[in-house]
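Pasting start.cif here (mmCIF, C-alpha atoms):
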```cif
data_data
#
loop_
_atom_site.label_atom_id
_atom_site.label_comp_id
_atom_site.auth_asym_id
_atom_site.auth_seq_id
_atom_site.Cartn_x
_atom_site.Cartn_y
_atom_site.Cartn_z
CA MET A 1 2.74 6.82 33.33
CA LYS A 2 3.29 10.48 32.44
CA ASN A 3 6.63 9.53 30.89
CA LEU A 4 4.76 7.40 28.33
CA TYR A 5 2.61 10.20 26.92
CA LYS A 6 5.26 11.74 24.68
CA PRO A 7 6.58 8.45 23.20
CA LEU A 8 3.01 7.24 22.67
CA LEU A 9 2.15 10.40 20.76
CA LEU A 10 5.28 10.01 18.65
CA VAL A 11 4.65 6.35 17.74
CA LEU A 12 1.03 7.17 16.89
CA LEU A 13 2.24 10.06 14.74
CA SER A 14 4.63 7.73 12.93
CA GLY A 15 1.86 5.21 12.30
CA LEU A 16 -0.34 7.99 10.95
CA LEU A 17 2.36 9.32 8.62
CA VAL A 18 3.10 5.86 7.22
CA ALA A 19 -0.61 5.18 6.64
CA LEU A 20 -1.04 8.53 4.89
CA SER A 21 1.84 7.64 2.57
CA PHE A 22 -0.21 4.83 1.01
CA GLU A 23 -3.40 4.87 -1.05
CA PRO A 24 -6.03 6.21 -0.85
CA PHE A 25 -4.26 9.20 0.77
CA ALA A 26 -1.02 8.84 -1.23
CA ILE A 27 0.91 11.69 0.41
CA THR A 28 4.05 10.05 -0.91
CA PHE A 29 6.66 12.64 0.14
CA LEU A 30 6.08 11.42 3.71
CA VAL A 31 8.18 8.40 2.73
CA PHE A 32 11.32 10.35 3.62
CA PHE A 33 10.43 11.00 7.27
CA ALA A 34 7.33 8.95 8.25
CA TYR A 35 9.37 6.66 10.54
CA VAL A 36 11.39 9.48 12.14
CA PRO A 37 9.07 9.94 15.19
CA LEU A 38 9.27 6.20 15.85
CA PHE A 39 13.07 6.24 15.65
CA PHE A 40 13.20 9.06 18.22
CA VAL A 41 11.24 6.87 20.62
CA LEU A 42 13.29 3.73 19.97
CA GLU A 43 16.57 5.64 20.28
CA ASN A 44 15.79 6.54 23.88
CA GLU A 45 14.42 3.16 24.94
CA GLU A 46 16.63 0.16 25.79
CA ARG A 47 14.04 -2.08 27.48
CA PHE A 48 12.71 -4.73 25.12
CA LYS A 49 9.16 -4.78 26.52
CA TYR A 50 8.79 -1.09 25.72
CA LEU A 51 10.44 -1.45 22.32
CA LEU A 52 7.87 -4.12 21.52
CA LEU A 53 4.99 -2.11 22.97
CA PHE A 54 5.80 1.05 21.02
CA CYS A 55 6.32 -0.83 17.76
CA TRP A 56 3.08 -2.76 18.24
CA ILE A 57 1.08 0.41 18.91
CA SER A 58 2.57 2.16 15.90
CA MET A 59 1.83 -0.80 13.64
CA PHE A 60 -1.70 -1.12 15.03
CA PHE A 61 -2.49 2.53 14.31
CA GLN A 62 -0.82 2.33 10.90
CA THR A 63 -2.85 -0.75 9.94
CA LEU A 64 -6.08 0.65 11.38
CA ILE A 65 -5.88 3.66 9.05
CA GLY A 66 -4.11 2.10 6.08
CA PHE A 67 -6.40 -0.93 5.90
CA GLN A 68 -9.67 0.90 6.66
CA TRP A 69 -11.12 -0.75 3.56
CA VAL A 70 -11.36 -4.03 5.54
CA GLN A 71 -14.37 -2.54 7.31
CA PHE A 72 -15.98 -1.55 4.01
CA VAL A 73 -15.44 -5.02 2.52
CA SER A 74 -16.95 -6.64 5.63
CA MET A 75 -20.05 -4.48 5.35
CA GLU A 76 -20.41 -4.40 1.55
CA PHE A 77 -19.67 -8.02 0.67
CA GLY A 78 -19.94 -9.75 4.04
CA GLU A 79 -23.24 -8.00 4.74
CA LEU A 80 -22.17 -7.48 8.35
CA PRO A 81 -23.44 -4.67 10.59
CA TRP A 82 -21.27 -1.61 11.21
CA ILE A 83 -20.24 -2.60 14.73
CA ILE A 84 -19.16 -6.11 13.70
CA SER A 85 -17.19 -4.85 10.70
CA THR A 86 -15.47 -2.30 12.95
CA LEU A 87 -14.48 -5.08 15.36
CA ILE A 88 -13.13 -7.08 12.43
CA LEU A 89 -11.00 -4.13 11.32
CA THR A 90 -9.76 -3.64 14.90
CA GLY A 91 -8.85 -7.31 15.23
CA PHE A 92 -7.16 -7.25 11.84
CA ALA A 93 -5.08 -4.22 12.86
CA LEU A 94 -4.16 -5.80 16.18
CA LEU A 95 -3.33 -9.33 15.06
CA THR A 96 -1.78 -8.93 11.59
CA ASN A 97 1.26 -7.10 10.20
CA PHE A 98 4.01 -7.94 12.69
CA SER A 99 7.00 -6.44 10.87
CA LEU A 100 7.56 -3.65 13.41
CA GLN A 101 7.22 -6.10 16.29
CA ILE A 102 9.83 -8.36 14.68
CA PHE A 103 11.97 -5.28 14.06
CA SER A 104 11.87 -4.43 17.79
CA LEU A 105 13.21 -7.92 18.58
CA LEU A 106 15.97 -7.76 15.96
CA LEU A 107 16.92 -4.27 17.11
CA HIS A 108 17.07 -5.44 20.72
CA LEU A 109 19.34 -8.36 19.78
CA ALA A 110 21.63 -6.07 17.75
CA ARG A 111 21.92 -3.67 20.68
CA ARG A 112 23.11 -6.44 22.98
CA PHE A 113 26.29 -6.58 20.91
CA LEU A 114 26.45 -2.81 20.49
CA PRO A 115 26.10 -0.82 23.74
CA PRO A 116 25.28 2.92 23.39
CA GLY A 117 28.93 3.99 23.26
CA LYS A 118 29.70 1.78 20.26
CA ARG A 119 26.84 2.74 17.94
CA GLY A 120 28.40 4.55 15.04
CA TYR A 121 27.28 5.24 11.50
CA ALA A 122 27.44 1.53 10.60
CA TYR A 123 24.80 0.90 13.26
CA TYR A 124 22.48 3.58 11.89
CA PHE A 125 22.99 3.16 8.15
CA LEU A 126 23.56 -0.59 7.93
CA ILE A 127 22.30 -2.48 10.98
CA ILE A 128 19.00 -0.64 11.56
CA PRO A 129 17.93 -0.70 7.87
CA SER A 130 18.99 -4.37 7.65
CA CYS A 131 16.97 -5.30 10.74
CA PHE A 132 13.96 -3.42 9.39
CA THR A 133 14.21 -5.02 5.95
CA LEU A 134 14.67 -8.50 7.42
CA SER A 135 11.67 -8.00 9.69
CA GLU A 136 9.48 -7.40 6.64
CA VAL A 137 10.81 -10.54 4.98
CA LEU A 138 10.07 -12.61 8.11
CA ASP A 139 6.60 -11.16 8.66
CA PRO A 140 3.88 -13.65 7.57
CA LYS A 141 1.66 -10.92 6.12
CA VAL A 142 -1.94 -11.43 5.08
CA PHE A 143 -1.35 -8.84 2.34
CA ASN A 144 2.14 -8.54 0.90
CA TRP A 145 2.99 -4.87 1.42
CA SER A 146 6.13 -3.19 2.72
CA ALA A 147 7.68 0.19 3.47
CA GLY A 148 9.40 -0.05 0.09
CA ASN A 149 6.02 0.16 -1.63
CA ILE A 150 5.65 3.77 -0.48
CA ILE A 151 8.36 4.83 -2.90
CA LEU A 152 6.72 3.27 -5.97
CA PRO A 153 4.95 6.48 -7.15
CA TYR A 154 8.42 7.97 -7.63
CA ILE A 155 9.01 6.02 -10.84
CA ASP A 156 12.70 6.85 -11.20
CA LEU A 157 13.52 5.91 -7.61
CA ALA A 158 11.46 2.73 -7.84
CA GLN A 159 13.72 1.38 -10.61
CA PHE A 160 16.21 0.57 -7.83
CA ALA A 161 14.08 -2.55 -7.34
CA ASP A 162 15.84 -3.93 -10.46
CA ILE A 163 18.87 -4.52 -8.24
CA LEU A 164 17.55 -5.65 -4.84
CA GLY A 165 13.81 -5.98 -5.32
CA VAL A 166 11.24 -4.40 -3.02
CA PRO A 167 13.39 -5.25 0.06
CA GLY A 168 16.04 -2.99 -1.46
CA LEU A 169 13.47 -0.19 -1.64
CA THR A 170 12.60 -0.77 2.02
CA PHE A 171 16.29 -0.56 2.92
CA ALA A 172 16.54 2.75 1.05
CA VAL A 173 13.39 4.13 2.71
CA ILE A 174 14.81 3.41 6.16
CA VAL A 175 18.17 4.96 5.26
CA PHE A 176 16.32 8.12 4.20
CA ASN A 177 14.42 8.17 7.49
CA ILE A 178 17.50 7.47 9.58
CA SER A 179 19.31 10.29 7.80
CA VAL A 180 16.51 12.75 8.60
CA PHE A 181 16.38 11.46 12.18
CA LEU A 182 20.11 12.03 12.69
CA ILE A 183 19.96 15.48 11.09
CA ILE A 184 17.11 16.58 13.38
CA ARG A 185 18.74 15.02 16.46
CA ASN A 186 22.03 16.80 15.81
CA ILE A 187 20.31 20.11 15.14
CA ILE A 188 18.40 19.82 18.43
CA ALA A 189 21.69 19.07 20.21
CA LYS A 190 23.36 21.97 18.34
CA ARG A 191 25.92 19.61 16.83
CA PHE A 192 25.59 21.17 13.40
CA PHE A 193 28.86 19.74 12.12
CA LYS A 194 27.52 16.22 12.65
CA THR A 195 24.66 16.83 10.24
CA ILE A 196 27.09 16.66 7.31
CA VAL A 197 27.36 12.86 7.20
CA PRO A 198 23.62 12.00 7.36
CA ALA A 199 22.81 14.83 4.94
CA SER A 200 25.46 13.51 2.55
CA VAL A 201 24.11 9.96 2.82
CA PHE A 202 20.60 11.21 2.05
CA ILE A 203 21.72 13.26 -0.97
CA VAL A 204 24.05 10.60 -2.38
CA LEU A 205 21.49 7.79 -2.05
CA LEU A 206 18.67 9.90 -3.50
CA SER A 207 20.83 11.11 -6.39
CA GLY A 208 22.20 7.64 -7.10
CA MET A 209 18.74 6.09 -7.18
CA ALA A 210 17.41 8.91 -9.37
CA VAL A 211 20.28 8.67 -11.88
CA TYR A 212 20.06 4.88 -12.08
CA GLY A 213 16.26 5.10 -12.32
CA LYS A 214 16.30 7.54 -15.21
CA TYR A 215 18.78 5.36 -17.11
CA SER A 216 16.84 2.17 -16.41
CA PHE A 217 13.45 3.69 -17.19
CA SER A 218 14.68 5.29 -20.41
CA SER A 219 15.98 1.93 -21.61
CA ILE A 220 12.60 0.35 -20.88
CA THR A 221 10.81 3.20 -22.66
CA ALA A 222 13.06 2.76 -25.68
CA VAL A 223 11.97 -0.88 -25.97
CA GLN A 224 8.31 0.02 -25.45
CA ASN A 225 8.49 2.58 -28.25
CA THR A 226 9.38 -0.22 -30.70
CA CYS A 227 6.33 -2.29 -29.71
CA PRO A 228 3.00 -2.21 -31.58
CA VAL A 229 0.26 -0.12 -29.98
CA ILE A 230 -3.24 -1.50 -29.41
CA LYS A 231 -6.03 0.95 -28.71
CA THR A 232 -8.02 -0.38 -25.79
CA ALA A 233 -11.27 0.54 -24.05
CA VAL A 234 -11.69 -0.33 -20.36
CA ILE A 235 -15.32 -0.70 -19.28
CA GLN A 236 -16.48 -0.17 -15.70
CA ALA A 237 -20.21 -0.31 -15.02
CA ASN A 238 -19.76 0.13 -11.26
CA ILE A 239 -22.69 -2.19 -10.58
CA GLY A 240 -21.55 -3.33 -7.15
CA ASN A 241 -22.19 -6.62 -5.41
CA SER A 242 -25.00 -9.06 -6.07
CA LEU A 243 -27.15 -7.82 -3.19
CA LYS A 244 -27.24 -4.28 -4.56
CA LEU A 245 -28.02 -5.61 -8.02
CA GLU A 246 -30.96 -7.70 -6.82
CA VAL A 247 -32.48 -5.06 -4.55
CA GLY A 248 -32.15 -1.61 -6.05
CA LYS A 249 -29.67 -1.51 -8.86
CA ALA A 250 -31.69 -3.81 -11.10
CA VAL A 251 -34.51 -1.26 -11.29
CA GLU A 252 -32.04 1.56 -11.96
CA ILE A 253 -30.27 -0.36 -14.73
CA ARG A 254 -33.54 -1.36 -16.38
CA GLY A 255 -34.58 2.28 -16.47
CA SER A 256 -31.26 3.51 -17.86
CA LEU A 257 -31.39 0.90 -20.63
CA GLY A 258 -35.03 1.57 -21.48
CA ILE A 259 -36.05 -2.01 -20.61
CA LYS A 260 -39.64 -2.28 -19.44
CA LYS A 261 -40.26 -6.00 -19.58
CA TYR A 262 -38.75 -8.29 -16.99
CA ILE A 263 -35.48 -10.02 -17.76
CA PRO A 264 -33.18 -11.84 -15.30
CA SER A 265 -30.81 -9.63 -13.32
CA GLN A 266 -27.87 -11.64 -14.63
CA MET A 267 -28.83 -10.63 -18.14
CA LEU A 268 -28.99 -7.02 -16.96
CA ILE A 269 -25.33 -7.22 -16.08
CA LEU A 270 -24.48 -8.19 -19.64
CA LYS A 271 -26.82 -5.56 -21.07
CA LYS A 272 -25.16 -2.84 -19.02
CA TYR A 273 -21.65 -3.80 -20.17
CA GLU A 274 -22.82 -4.23 -23.75
CA ALA A 275 -24.34 -0.74 -23.74
CA LEU A 276 -21.14 0.83 -22.36
CA THR A 277 -19.06 -1.12 -24.86
CA ARG A 278 -21.15 0.05 -27.81
CA GLU A 279 -20.85 3.62 -26.52
CA ALA A 280 -17.05 3.32 -26.41
CA ILE A 281 -16.90 1.87 -29.91
CA GLU A 282 -19.12 4.63 -31.27
CA GLN A 283 -16.80 7.24 -29.77
CA ASP A 284 -13.70 5.64 -31.32
CA ASN A 285 -13.88 3.19 -34.23
CA ASP A 286 -10.18 2.35 -33.89
CA ILE A 287 -10.64 0.39 -30.65
CA GLU A 288 -9.18 -3.10 -31.09
CA LEU A 289 -9.63 -4.55 -27.62
CA VAL A 290 -12.31 -4.07 -24.95
CA VAL A 291 -11.58 -5.08 -21.37
CA TRP A 292 -14.35 -5.87 -18.90
CA PRO A 293 -13.90 -6.29 -15.10
CA GLU A 294 -13.26 -9.73 -13.69
CA THR A 295 -16.85 -10.09 -12.39
CA ALA A 296 -18.64 -8.61 -15.40
CA PHE A 297 -19.84 -11.95 -16.78
CA PRO A 298 -22.56 -13.64 -14.66
CA GLY A 299 -21.52 -17.12 -13.63
CA ASP A 300 -18.78 -19.31 -15.06
CA TYR A 301 -17.40 -18.42 -18.49
CA ILE A 302 -18.24 -21.81 -20.01
CA GLU A 303 -20.38 -23.12 -22.88
CA THR A 304 -23.11 -24.49 -20.58
CA ASN A 305 -23.79 -21.04 -19.14
CA PRO A 306 -27.18 -19.93 -20.54
CA TYR A 307 -25.86 -16.40 -21.11
CA MET A 308 -22.87 -17.51 -23.18
CA GLN A 309 -24.82 -17.60 -26.45
CA ALA A 310 -26.00 -14.01 -26.09
CA HIS A 311 -22.49 -12.95 -25.16
CA ARG A 312 -20.98 -14.68 -28.21
CA LYS A 313 -23.50 -12.96 -30.44
CA PHE A 314 -22.53 -9.57 -29.03
CA VAL A 315 -18.81 -10.27 -29.52
CA GLU A 316 -19.41 -11.29 -33.14
CA GLU A 317 -21.45 -8.17 -33.80
CA THR A 318 -18.86 -5.79 -32.39
CA GLY A 319 -15.79 -7.66 -33.56
#
```
Could you quickly redo this structure as structure tokens?
Amino acid sequence: MKNLYKPLLLVLLSGLLVALSFEPFAITFLVFFAYVPLFFVLENEERFKYLLLFCWISMFFQTLIGFQWVQFVSMEFGELPWIISTLILTGFALLTNFSLQIFSLLLHLARRFLPPGKRGYAYYFLIIPSCFTLSEVLDPKVFNWSAGNIILPYIDLAQFADILGVPGLTFAVIVFNISVFLIIRNIIAKRFFKTIVPASVFIVLLSGMAVYGKYSFSSITAVQNTCPVIKTAVIQANIGNSLKLEVGKAVEIRGSLGIKKYIPSQMLILKKYEALTREAIEQDNDIELVVWPETAFPGDYIETNPYMQAHRKFVEETG
């Protein structure tokens, strides 16, 4: 059991680094080495049951942190108690997102044809990234995310998706991580000469993606610069869900709008957005389009809705 402590810490570290790469943490530079601790564990493990176990634990921890908002949604909109929402998040992390588990199987199958003595650079830079990318494609995700999404904040690098889509970005992310893994492994083994190839792969891929991205993005920008510009105001009242509105928010909104007499809470929603819209228009008369959130209008946006007439009147007044 003692032999499992170190690999368990490494796979948990990898899951943490991947989760921190995404929003709301968005430490995006971790994209280049977040999977390295996991690859160190998998490199030294040939037994499939342990490959699967380590990948499952890493994915569980990654999902638990990266999808922490599942607990908030369960409490805020499902009106569930804290303990139940925590159990829902735990179950979600345990029973969804199987890409790493699928990767462990594909990696195990690839290794059956490539024993340790035959694993060269093609194995590291082609087979492992391919298995990882394919595992994401095969994973029946609840939410369609992938390792390639981590790279999206780097706008120039993300343009590589023009060629191979998001799976191509995932492939590139894994090549970056494999390169860093091989560099560290060779430094630890004092095989400094062998760091040249992975370092070169990292630099060439990064440079190639950056150069292509700058060219692609500049061409897009050139087209955008020829397009007409519409000045837009985006309104966010931050009212929250219906329960908050009915219980406490209604009183707060009435007070902020100076409304003393009773009016339906649904009408308060419209009044709040109308007030914010008028404020935006007063600040800038050149606004041509105002965008409200998807749940700003109470009920269905149809003629039979009793609030549609008031809404139409407001739109006509403001233009």
**Study point:** Picked residues, the PyMOL selection byres ((chain A and resi 48) around 8), as a ChimeraX atom specification
**Key:** /A:46-47,49-52,104-105,108
Exercise for review: Output the residue selection produced by the PyMOL selection byres ((chain A and resi 126) around 12) on the file above, formatted as a list in words.
Suggested key: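 Applied to this file, the PyMOL selection byres ((chain A and resi 126) around 12) returns Leu107, Ala110, Arg119, Gly120, Tyr121, Ala122, Tyr123, Tyr124, Phe125, Ile127, Ile128, Pro129, Ser130, Cys131, Phe132, Thr133, Leu134, Phe171, Ala172, Ile174, Val175, Phe176, Ile178, Ser179 and Val201 of chain A.
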Exercise for review: Could you tell me which residues the PyMOL selection byres ((chain A and resi 221-234) around 9) grabs in this file, written as a PyMOL selection string?
Suggested key: chain A and resi 216-220+235-236+277+280-281+286-293
Exercise for review: Measure the distance from CA of Phe160 (chain A) to CA of Ala147 (chain A) in Å and round it to one decimal.
Suggested key: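 Atom-to-atom, CA of Phe160 (chain A) and CA of Ala147 (chain A) are spaced 14.2 Å apart.
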Check your understanding: From the list A:Ile102, A:Leu169, A:Ile184, A:Ile163, which residue is nearest Pro37 (chain A) when using only C-alpha atoms?
Key ->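 So, comparing all the options, the nearest one is A:Ile184.
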How big is the axis-aligned box, and where does its centre sit, when it encloses all atoms of region 97-113 of chain A listed in the file and has 6 Å added on every side, reported in Å to one decimal as JSON?
```
{"center_x": 13.8, "center_y": -6.0, "center_z": 16.6, "size_x": 37.0, "size_y": 16.7, "size_z": 24.8}
```
Exercise for review: Have a look at A:Ile187, A:Val18, A:Leu109, A:Leu42 and name the one nearest to Cys55 (chain A); count all atoms listed in the file.
Suggested key: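 For Cys55 (chain A), the nearest of the given residues is A:Leu42.
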Practice item. Tell me which protein, DNA and RNA residues are within 12 Å of Gly208 (chain A), counting all atoms listed in the file, leaving out same-chain ones fewer than 4 positions away, and put them as JSON, numbers by chain. Key: {"A": [156, 157, 158, 159, 160, 172, 200, 201, 202, 203, 204, 212, 213, 214, 215]}
